[in-house]
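Here's my_file20.txt, which has compact mmCIF, C-alpha atoms:
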```txt
# COMPACT_ATOMS: atom_id res chain seq x y z
CA MET Y 1 0.18 -18.03 -14.87
CA PRO Y 2 3.78 -18.89 -13.85
CA GLU Y 3 4.02 -21.06 -10.78
CA ALA Y 4 6.27 -18.57 -8.97
CA LEU Y 5 3.78 -15.71 -9.42
CA GLN Y 6 0.84 -17.91 -8.43
CA HIS Y 7 2.75 -18.93 -5.28
CA ILE Y 8 3.37 -15.27 -4.37
CA ILE Y 9 -0.30 -14.40 -4.90
CA THR Y 10 -1.46 -17.40 -2.86
CA GLU Y 11 0.94 -16.61 0.00
CA LEU Y 12 0.38 -12.86 0.21
CA THR Y 13 -3.32 -12.45 -0.59
CA PRO Y 14 -4.53 -13.59 2.88
CA TRP Y 15 -2.11 -11.14 4.53
CA LEU Y 16 -3.40 -8.26 2.44
CA GLN Y 17 -7.01 -9.29 3.02
CA GLN Y 18 -6.40 -9.28 6.78
CA TYR Y 19 -4.10 -6.28 7.25
CA GLY Y 20 -4.70 -4.36 4.01
CA TYR Y 21 -3.10 -1.01 3.40
CA VAL Y 22 -1.30 -0.93 6.76
CA LEU Y 23 0.75 -4.00 5.85
CA LEU Y 24 1.41 -2.60 2.36
CA PHE Y 25 2.68 0.68 3.83
CA ILE Y 26 4.92 -0.95 6.44
CA ALA Y 27 6.47 -3.49 4.05
CA ILE Y 28 7.34 -0.85 1.46
CA ALA Y 29 8.53 1.74 3.97
CA VAL Y 30 10.93 -0.48 5.90
CA GLU Y 31 12.76 -1.42 2.69
CA GLY Y 32 13.78 2.21 2.39
CA PHE Y 33 15.87 2.08 5.54
CA GLY Y 34 17.59 -1.27 5.16
CA ILE Y 35 15.11 -3.92 6.32
CA PRO Y 36 14.36 -6.62 3.71
CA ALA Y 37 10.61 -7.03 3.20
CA PRO Y 38 8.31 -8.22 0.39
CA GLY Y 39 7.15 -4.68 -0.40
CA GLN Y 40 7.36 -5.05 -4.17
CA SER Y 41 5.60 -8.41 -4.17
CA LEU Y 42 2.85 -7.03 -1.93
CA LEU Y 43 2.41 -4.07 -4.28
CA ILE Y 44 2.00 -6.39 -7.29
CA VAL Y 45 -0.53 -8.56 -5.45
CA ALA Y 46 -2.40 -5.50 -4.14
CA SER Y 47 -2.59 -4.18 -7.70
CA LEU Y 48 -4.02 -7.49 -8.95
CA LEU Y 49 -6.53 -7.52 -6.08
CA ALA Y 50 -7.54 -3.99 -7.02
CA ALA Y 51 -8.18 -5.19 -10.58
CA THR Y 52 -10.79 -7.60 -9.19
CA GLY Y 53 -12.36 -4.98 -6.91
CA GLN Y 54 -11.00 -6.39 -3.63
CA MET Y 55 -8.87 -3.29 -3.00
CA SER Y 56 -8.99 0.31 -4.22
CA LEU Y 57 -6.40 1.01 -6.92
CA PRO Y 58 -6.08 4.75 -6.11
CA LEU Y 59 -5.49 3.89 -2.44
CA VAL Y 60 -2.96 1.19 -3.35
CA LEU Y 61 -0.99 3.67 -5.46
CA ILE Y 62 -1.19 6.47 -2.88
CA VAL Y 63 -0.19 4.20 0.02
CA ALA Y 64 2.69 2.69 -1.97
CA ALA Y 65 3.99 6.11 -3.05
CA CYS Y 66 3.75 7.60 0.46
CA ALA Y 67 5.41 4.54 1.99
CA ALA Y 68 8.29 4.60 -0.49
CA LEU Y 69 8.85 8.34 -0.10
CA CYS Y 70 8.74 8.16 3.70
CA GLY Y 71 10.88 5.02 4.00
CA ASN Y 72 13.49 6.27 1.53
CA SER Y 73 13.65 9.66 3.27
CA LEU Y 74 14.08 8.01 6.65
CA GLY Y 75 16.88 5.86 5.21
CA TYR Y 76 18.57 9.01 3.89
CA PHE Y 77 18.29 10.69 7.30
CA ILE Y 78 19.67 7.62 9.08
CA GLY Y 79 22.64 7.50 6.71
CA TRP Y 80 23.29 11.23 7.04
CA ARG Y 81 22.95 11.39 10.83
CA PHE Y 82 24.08 7.96 12.00
CA GLY Y 83 26.27 6.70 9.14
CA ASP Y 84 29.43 6.79 11.22
CA VAL Y 85 27.74 4.78 13.98
CA LEU Y 86 26.57 2.14 11.49
CA LEU Y 87 30.11 1.82 10.15
CA LYS Y 88 31.67 1.55 13.62
CA LYS Y 89 29.13 -1.08 14.65
CA GLY Y 90 29.88 -3.05 11.50
CA TRP Y 91 26.26 -2.91 10.28
CA ILE Y 92 27.54 -1.38 7.05
CA LYS Y 93 30.73 -2.89 5.70
CA PRO Y 94 33.46 -0.52 4.46
CA GLN Y 95 33.45 -2.34 1.10
CA LEU Y 96 29.72 -1.63 0.71
CA GLU Y 97 30.24 2.00 1.70
CA ASP Y 98 33.02 2.41 -0.90
CA LYS Y 99 30.87 0.79 -3.58
CA ILE Y 100 27.85 2.99 -2.82
CA HIS Y 101 30.04 6.12 -2.71
CA GLY Y 102 31.49 5.22 -6.09
CA VAL Y 103 28.11 4.53 -7.69
CA ILE Y 104 26.53 7.70 -6.29
CA GLY Y 105 29.53 9.81 -7.21
CA GLN Y 106 29.56 8.52 -10.78
CA TYR Y 107 25.84 8.26 -11.58
CA GLY Y 108 24.10 10.50 -9.03
CA ILE Y 109 20.32 10.54 -9.43
CA ALA Y 110 20.43 7.78 -12.07
CA ALA Y 111 21.99 5.40 -9.52
CA LEU Y 112 19.33 6.25 -6.96
CA VAL Y 113 16.51 5.59 -9.44
CA LEU Y 114 17.92 2.35 -10.84
CA SER Y 115 18.72 0.97 -7.38
CA ARG Y 116 14.98 0.99 -6.57
CA PHE Y 117 14.63 -1.99 -8.91
CA VAL Y 118 17.59 -4.05 -7.69
CA GLU Y 119 17.06 -6.38 -4.73
CA GLY Y 120 19.76 -6.03 -2.10
CA LEU Y 121 20.86 -2.64 -3.40
CA LYS Y 122 17.54 -0.87 -2.88
CA GLN Y 123 17.59 -1.71 0.85
CA PHE Y 124 20.89 0.19 1.33
CA MET Y 125 21.05 2.82 -1.40
CA PHE Y 126 18.97 5.43 0.43
CA ILE Y 127 21.01 5.04 3.61
CA GLY Y 128 24.05 5.20 1.33
CA CYS Y 129 22.83 8.49 -0.15
CA GLY Y 130 22.78 9.97 3.35
CA LEU Y 131 26.11 8.39 4.22
CA ALA Y 132 27.63 9.89 1.06
CA LYS Y 133 26.10 13.27 1.96
CA MET Y 134 24.19 13.54 -1.31
CA PRO Y 135 22.75 17.08 -1.50
CA LEU Y 136 19.19 17.15 -0.18
CA LYS Y 137 17.79 18.76 -3.33
CA GLN Y 138 19.36 16.06 -5.51
CA PHE Y 139 18.05 13.33 -3.19
CA VAL Y 140 14.49 14.72 -3.18
CA ILE Y 141 14.42 14.80 -7.00
CA GLY Y 142 15.87 11.29 -7.27
CA ASN Y 143 13.54 9.93 -4.60
CA ALA Y 144 10.50 11.39 -6.37
CA LEU Y 145 11.61 9.97 -9.73
CA ALA Y 146 12.43 6.54 -8.30
CA THR Y 147 9.13 6.33 -6.43
CA SER Y 148 7.03 7.50 -9.39
CA ILE Y 149 8.58 5.04 -11.84
CA TRP Y 150 8.51 2.15 -9.35
CA VAL Y 151 4.86 2.68 -8.37
CA ALA Y 152 3.83 3.04 -12.01
CA LEU Y 153 5.57 -0.20 -13.00
CA PHE Y 154 4.59 -2.41 -10.09
CA GLY Y 155 1.40 -0.71 -8.88
CA LEU Y 156 -0.31 0.38 -12.07
CA GLY Y 157 1.42 -2.02 -14.47
CA PRO Y 158 -0.12 -5.30 -13.22
CA VAL Y 159 -3.63 -3.83 -13.61
CA LEU Y 160 -3.00 -2.69 -17.17
CA ILE Y 161 -1.31 -5.89 -18.36
CA ARG Y 162 -2.89 -8.53 -16.12
CA ASP Y 163 -3.97 -10.62 -19.12
CA GLU Y 164 -0.47 -10.50 -20.63
CA ILE Y 165 1.50 -10.73 -17.38
CA ALA Y 166 2.07 -14.49 -17.56
CA PRO Y 167 3.81 -14.59 -20.99
CA MET Y 168 5.73 -11.40 -20.14
CA LEU Y 169 7.03 -12.90 -16.90
CA THR Y 170 7.99 -16.09 -18.74
CA PHE Y 171 9.97 -14.03 -21.26
CA TYR Y 172 11.54 -11.99 -18.45
CA HIS Y 173 12.73 -15.08 -16.55
CA GLN Y 174 14.21 -16.53 -19.74
CA HIS Y 175 15.98 -13.27 -20.66
CA LYS Y 176 16.39 -11.59 -17.26
CA TYR Y 177 19.84 -10.00 -17.64
CA PRO Y 178 19.48 -8.68 -21.21
CA THR Y 179 16.07 -7.23 -20.27
CA TRP Y 180 17.44 -5.36 -17.26
CA ALA Y 181 20.49 -4.22 -19.24
CA ILE Y 182 18.26 -2.64 -21.91
CA VAL Y 183 15.83 -1.15 -19.39
CA SER Y 184 18.70 0.24 -17.30
CA LEU Y 185 20.35 1.84 -20.31
CA ILE Y 186 17.08 3.47 -21.41
CA LEU Y 187 16.29 4.76 -17.91
CA ALA Y 188 19.85 5.99 -17.39
CA ALA Y 189 19.75 7.85 -20.72
CA LEU Y 190 16.39 9.47 -19.93
CA ILE Y 191 17.43 10.45 -16.40
CA THR Y 192 20.78 11.83 -17.56
CA TYR Y 193 19.10 13.85 -20.33
CA THR Y 194 16.48 15.24 -17.92
CA TRP Y 195 19.07 16.06 -15.27
CA ARG Y 196 21.34 17.90 -17.74
CA ARG Y 197 18.43 19.93 -19.09
CA TRP Y 198 17.44 20.83 -15.54
CA GLN Y 199 21.02 21.87 -14.71
CA THR Y 200 21.16 23.99 -17.86
CA LYS Y 201 17.98 25.82 -16.88
CA ASN Y 202 18.97 26.06 -13.20
CA PRO Y 203 22.73 26.78 -13.08
CA GLN Y 204 24.30 26.73 -9.63
```
Give the structure from the file, written as structure tokens.
Amino acid sequence: MPEALQHIITELTPWLQQYGYVLLFIAIAVEGFGIPAPGQSLLIVASLLAATGQMSLPLVLIVAACAALCGNSLGYFIGWRFGDVLLKKGWIKPQLEDKIHGVIGQYGIAALVLSRFVEGLKQFMFIGCGLAKMPLKQFVIGNALATSIWVALFGLGPVLIRDEIAPMLTFYHQHKYPTWAIVSLILAALITYTWRRWQTKNPQ
């Protein structure tokens, strides 16, 4: 097992054993409204603990999904209701606001989904969606897609591939940027196709 992954497991396992699902929920939720936290790492470790019977996999997945949905929704509400205050206080830089507006305006739901997998961006994208006044219906669909894919990859994935996770992580670290480029293109294509079909069937 890669040293980095083993370090994460060693560091986070005692915290999960002591605080369990409450810690998992809080760490994932607060990321949705701009507070950096090891939510993704905790989800991976919780999944691996569930594979050994130390936690319940259904509960891990349910808690992670509920936390992501709630945290992301709260971030959206904060951006929608208090975005101007955050800008005036300097907590959100105008350059970041312009960048998020541009990304959301160009890619819509696809940007929301992909941002869930990018450190730094995922902590601000949901606030940015509110700040950019993304339509609620569009946000709800994007939030549900982002949460479902993210929980499946990092909650269910480690259980299914725990024996292969070490060589896969080694490959990923050696080819990080090409891997994410390919994955991003595939996800963007699937999301765009799904969104266009939905718009065709549900014209405004």
Checklist entry - When distances are computed from all atoms listed in the file, which of Y:Leu16, Y:Leu61, Y:Leu136, Y:Ala146 shows the smallest separation from Val118 of chain Y? => result Y:Ala146
Checklist entry - What does the distance between atom CA of Ala27 of chain Y and atom CA of Gln138 of chain Y come to in Å, to one decimal place? => result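 Computing the Euclidean distance for atom CA of Ala27 of chain Y and atom CA of Gln138 of chain Y yields 25.3 Å.
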Next on the checklist: For a quick check of your reading of the model, name the residues lying within 8 Å of the coordinate (19.8, 5.1, -6.3), counting all atoms listed in the file, and write them as a PyMOL selection string.
Outcome noted: chain Y and resi 104+108-116+122+125-126+129+142+146
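A search radius of 10 Å centred on (-0.8, -10.2, 1.2), applied to all atoms listed in the file, returns the residues Ile8, Ile9, Thr10, Glu11, Leu12, Thr13, Pro14, Trp15, Leu16, Gln17, Gln18, Tyr19, Gly20, Tyr21, Leu23, Leu24, Pro38, Gly39, Ser41, Leu42, Leu43, Ile44, Val45, Ala46 and Leu49 of chain Y.
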Go ahead and fit an axis-aligned box to every listed atom of segment 123-136 of chain Y plus 6 Å each side, and pass me the centre and edge lengths in Å, one decimal, as lines of an AutoDock Vina configuration file.
```
center_x = 22.6
center_y = 7.7
center_z = 1.4
size_x = 22.0
size_y = 30.9
size_z = 17.7
```
Next on the checklist: Quick check, in Å to one decimal: how far apart do atom CA of Asn143 of chain Y and atom CA of Ser73 of chain Y lie?
Outcome noted: 7.9 Å
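Atom CA of Leu145 of chain Y sits 24.1 Å away from atom CA of Gly83 of chain Y.
For the choices Y:Val60, Y:Gly34, Y:Leu185, Y:Phe25, the atom-to-atom distance to Ala152 of chain Y is smallest for Y:Val60 when using only C-alpha atoms.
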Checklist entry - Within 9 Å of Glu97 of chain Y, counting all atoms listed in the file, which residues qualify if same-chain residues fewer than 4 places away don't, as a PyMOL selection string? => result chain Y and resi 87+92-93+101-102+128+131-132
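Checking Y:Thr192, Y:Pro158, Y:Ala144, Y:Pro135 one by one against Gln40 of chain Y, counting all atoms listed in the file, you find the shortest gap at Y:Pro158.
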Checklist entry - Pick the closest to Ile78 of chain Y from Y:Val151, Y:Ile127, Y:Leu190, Y:Lys137: which is it, counting all atoms listed in the file? => result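 Under the stated criterion, the closest residue is Y:Ile127.
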Next on the checklist: Measuring between only C-alpha atoms, which one of Y:Cys70, Y:Leu57, Y:Pro36, Y:Leu121 shows the shortest distance to Leu160 of chain Y?
Outcome noted: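 For Leu160 of chain Y, the nearest of the candidates is Y:Leu57.
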